[in-house]
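Down below is the structure, laid out as structure tokens.
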Amino acid sequence: MKDEIRICKNISENENGELMFAGVNTLELAEKYGTPLYVMDENRIREMCSSFRDAIAREFGEKGRILYASKACSFKRIYEIIASEKLHIDVVSTGEIHTAVRAGFPMQNAYFHSNNKTDNDIKFAIDNKVGHFVVDNVEELESLNRIAGEFGMKQKIILRVTPGIDPHTFEAVATGKVDSKFGSAIETGQAEEITAHALKMENLIFEGFHCHVGSELFEAGVFIDTAKIMLEFVADMYHKLGCFPELLDLGGGFGVRYIASQPTLDVDKTIGEIGGFIKNYCVQLGIEMPSIGFEPGRAIVADSGLTLYTVGTLKTIPGYKTYVSVDGGMTDNIRYALYGAEYTLAVAGKLNEDPDMVCSVVGKCCESGDIIQENIKLPSSTSRGDILACFTTGAYHYSMASNYNRIPRPAIVMIADKKDYPAVRRETLDDLTNLDI
Ligand code: LLP
């Protein structure tokens, strides 16, 4: 197996040149469960949970909090794992809330995001005892205050503010800039306005501030720049309004290795550097350190996942390129079409062959943008019936899957201690028509 393939330690090869994932033969998984198939490594998810949990405990003690951003991958088993790892969650919709509730997740540890919570969303979340709302705007603040009053309860909130940071990642996933649909900007004075407003709401309990600046960050730098602006804002609000946050949630965005040329995130080092800065800067500003939260989504689940496809048609257009078609596509992986995202792929039964054929791997959807990856190298013997693996698909794949072209979504099989078990069954054709009246 070429070094470029082994982008995470759960990827290996047996003596026959077959791809092993989390200690299980991927060809056997494809045979047993069919393709396309999402495979997830439970041990790796737990390992990432504990590296974040340990790093934050070391840096901040009791004052550290890790929220798994469940938009990255949301199904019942994930919430069970996260609950048993004692992490909190961020949820962004009634669907994620419902799934977490059905999984028995302790909802007092859930934080409800979204820039547009309808009254029904708010009622649903309160009904389901969601512990904290991350309030995005003044309109939401007033609706939530009114509805909490109707329920006769006091709702804990944190306020989402935009620090004005552009992390230089993909435009579509940059969320901390002033010009953003999320949150209230510090720069324009709206963050101060919403804080003053929140403190007057009789049915809301102000708990702190939240921000999120972007994705795929491998180093502490952007988090430190963000923390600086946020702590200055905290100090400013303390002096002007007399409020002090119990929690300062700095959001997610930790990077993941999709291809060999990318680094592997060093969780300890990154959290350590951010923590060191925060502690010093609080002293410099003369404020107490609030609890510090992070919301990793991708970093918890991405490299715990892999997708298995079966190769179908191969087509060479002389002078142009070779297309390798698989039995999935943009319905189970929209990320190349949306972001031009890079991936590592390998033919699962042919790791001992040279990847000497340049080709583009495409899906089966009726759309020419239905591409998994362009101009990659696979063995020239690749042919119909081969199993093709696409690595690092644990985050934003199942959660962004669609039924375009009425294609059923794949099953998810989990591996724990080298044993496989199903977590989400494959959609059937009848599932597709069940909603039609
Ligand atoms: N917290 C908030 C408020 C967020 O908006 C996000 C991601 C996260 C946490 C988690 O970020 P992570 O640690 O996973 O990078 N669909 C895109 C990613 C969109 C991320 C949106 N927000 C993708 O496939 O790359």
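By convention here, the chains of the structure tokens are called A, B, ... in the order presented, each chain's residues are numbered starting at 1, and ligands are numbered starting at 1 in the order presented.
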Inset, instruction - Step by step, measure atom-to-atom distances between ligand 1 and each residue using only C-alpha atoms and all ligand atoms, keep those at most 6 Å, then write them as a ChimeraX atom specification. - result: /A:69,72,173,212,215-216,251-254,295-299,335,396
Store the residues of this selection in a file with C-alpha atoms, as a PDB file, in the first residue's frame.
```
ATOM      1  CA  ALA A  69     -21.309  19.572  16.459  1.00  0.00           C
ATOM      2  CA  ALA A  72     -21.298  16.603  10.991  1.00  0.00           C
ATOM      3  CA  VAL A 173     -18.040  27.528   5.119  1.00  0.00           C
ATOM      4  CA  HIS A 212     -17.652  30.111  15.114  1.00  0.00           C
ATOM      5  CA  SER A 215     -13.561  25.075   8.977  1.00  0.00           C
ATOM      6  CA  GLU A 216     -10.442  23.020   8.363  1.00  0.00           C
ATOM      7  CA  GLY A 251     -16.988  27.097  18.032  1.00  0.00           C
ATOM      8  CA  GLY A 252     -15.561  24.303  15.927  1.00  0.00           C
ATOM      9  CA  GLY A 253     -13.545  24.105  12.739  1.00  0.00           C
ATOM     10  CA  PHE A 254     -10.618  21.830  13.640  1.00  0.00           C
ATOM     11  CA  GLU A 295     -17.538  22.579  19.095  1.00  0.00           C
ATOM     12  CA  PRO A 296     -15.619  20.099  16.955  1.00  0.00           C
ATOM     13  CA  GLY A 297     -17.770  18.229  14.451  1.00  0.00           C
ATOM     14  CA  ARG A 298     -15.571  17.114  11.576  1.00  0.00           C
ATOM     15  CA  ALA A 299     -12.564  16.347  13.784  1.00  0.00           C
ATOM     16  CA  ARG A 335     -18.639  17.733  -1.085  1.00  0.00           C
ATOM     17  CA  TYR A 396     -20.810  15.882   6.287  1.00  0.00           C
TER      18      TYR A 396
END
```
Inset, instruction - Taking the chain letters and numbering used in this document, name the residues of segment 210-253 of chain A that DSSP puts in strand (DSSP E or B), as a VMD selection string. - result: chain A and resid 210 217 247 to 249
Legend entry - DSSP alpha helix (DSSP H) selection over segment 116-195 of chain A, as a ChimeraX atom specification: /A:119-127,138-151,190-195
Legend entry - Nearby residues (only C-alpha atoms) at most 8 Å from Ala401 of chain A, same-chain spacing under 4 positions excluded, as a list in words: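 Listed by chain and then number, they are Met330, Thr331, Asp332, Asn333, Ile334, His397 and Arg409 of chain A.
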Selection export as a compact mmCIF listing (two decimals), in the first residue's frame, atoms kept: N, CA and C atoms:
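Written file, result_37.txt:
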```
# COMPACT_ATOMS: atom_id res chain seq x y z
N MET A 330 -22.98 11.94 -5.93
CA MET A 330 -23.28 13.18 -5.21
C MET A 330 -24.42 13.00 -4.21
N THR A 331 -25.16 11.93 -4.30
CA THR A 331 -26.23 11.69 -3.32
C THR A 331 -25.65 11.27 -1.97
N ASP A 332 -24.50 10.61 -1.96
CA ASP A 332 -23.89 10.24 -0.68
C ASP A 332 -22.64 11.08 -0.37
N ASN A 333 -22.15 11.81 -1.39
CA ASN A 333 -21.00 12.70 -1.17
C ASN A 333 -21.15 13.93 -2.06
N ILE A 334 -21.67 14.98 -1.49
CA ILE A 334 -21.91 16.22 -2.25
C ILE A 334 -20.71 17.16 -2.17
N HIS A 397 -21.19 13.74 5.22
CA HIS A 397 -21.54 12.88 4.08
C HIS A 397 -22.94 12.33 4.31
N ARG A 409 -30.61 6.26 0.20
CA ARG A 409 -29.35 6.55 0.89
C ARG A 409 -28.72 5.26 1.44
```
Legend entry - Residue with smallest distance to Glu18 of chain A - pool A:Lys240, A:Arg65, A:Arg46, A:Lys350, counting only C-alpha atoms: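 Of all the options, A:Lys350 lies closest to Glu18 of chain A.
Rounded to one decimal, atom CA of Gly394 of chain A and atom CA of Leu306 of chain A lie 6.4 Å from each other.
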Counting only C-alpha atoms, what is within 10 Å of Asp386 of chain A, bar same-chain residues fewer than 5 positions away, as a short mmCIF file (atom, residue, chain, number, x, y, z; two decimals) with N, CA, C and O atoms, in the first residue's frame?
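See selection-v3.cif below for the written result:
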```
data_model
loop_
_atom_site.label_atom_id
_atom_site.label_comp_id
_atom_site.auth_asym_id
_atom_site.auth_seq_id
_atom_site.Cartn_x
_atom_site.Cartn_y
_atom_site.Cartn_z
N LEU A 27 -13.59 -5.72 1.92
CA LEU A 27 -14.26 -6.52 0.87
C LEU A 27 -15.37 -7.36 1.50
O LEU A 27 -16.45 -7.52 0.92
N TYR A 309 -17.78 1.73 -2.49
CA TYR A 309 -18.59 1.70 -3.71
C TYR A 309 -18.23 0.47 -4.52
O TYR A 309 -17.14 -0.09 -4.35
N THR A 310 -19.12 0.12 -5.44
CA THR A 310 -18.75 -0.88 -6.45
C THR A 310 -18.53 -0.15 -7.77
O THR A 310 -19.35 0.69 -8.16
N VAL A 311 -17.42 -0.50 -8.41
CA VAL A 311 -17.12 0.10 -9.71
C VAL A 311 -18.06 -0.47 -10.76
O VAL A 311 -18.37 -1.67 -10.77
N GLY A 312 -18.57 0.41 -11.63
CA GLY A 312 -19.42 -0.03 -12.74
C GLY A 312 -18.72 0.25 -14.05
O GLY A 312 -17.61 -0.24 -14.29
N VAL A 326 -19.10 4.82 -10.27
CA VAL A 326 -19.41 3.99 -9.11
C VAL A 326 -20.92 4.02 -8.85
O VAL A 326 -21.65 4.84 -9.41
N VAL A 347 -8.62 1.21 -4.66
CA VAL A 347 -9.37 -0.01 -5.00
C VAL A 347 -9.08 -1.03 -3.89
O VAL A 347 -7.92 -1.41 -3.67
N ALA A 348 -10.14 -1.42 -3.19
CA ALA A 348 -9.96 -2.14 -1.92
C ALA A 348 -9.26 -3.50 -2.07
O ALA A 348 -8.62 -3.97 -1.13
N GLY A 349 -9.37 -4.13 -3.23
CA GLY A 349 -8.75 -5.45 -3.39
C GLY A 349 -7.41 -5.40 -4.10
O GLY A 349 -6.82 -6.44 -4.38
N LYS A 350 -6.94 -4.20 -4.43
CA LYS A 350 -5.76 -4.10 -5.29
C LYS A 350 -4.70 -3.15 -4.74
O LYS A 350 -4.06 -2.40 -5.49
N SER A 381 -5.78 -1.99 -13.85
CA SER A 381 -6.64 -3.19 -13.94
C SER A 381 -8.03 -2.94 -13.35
O SER A 381 -8.87 -3.84 -13.33
#
```
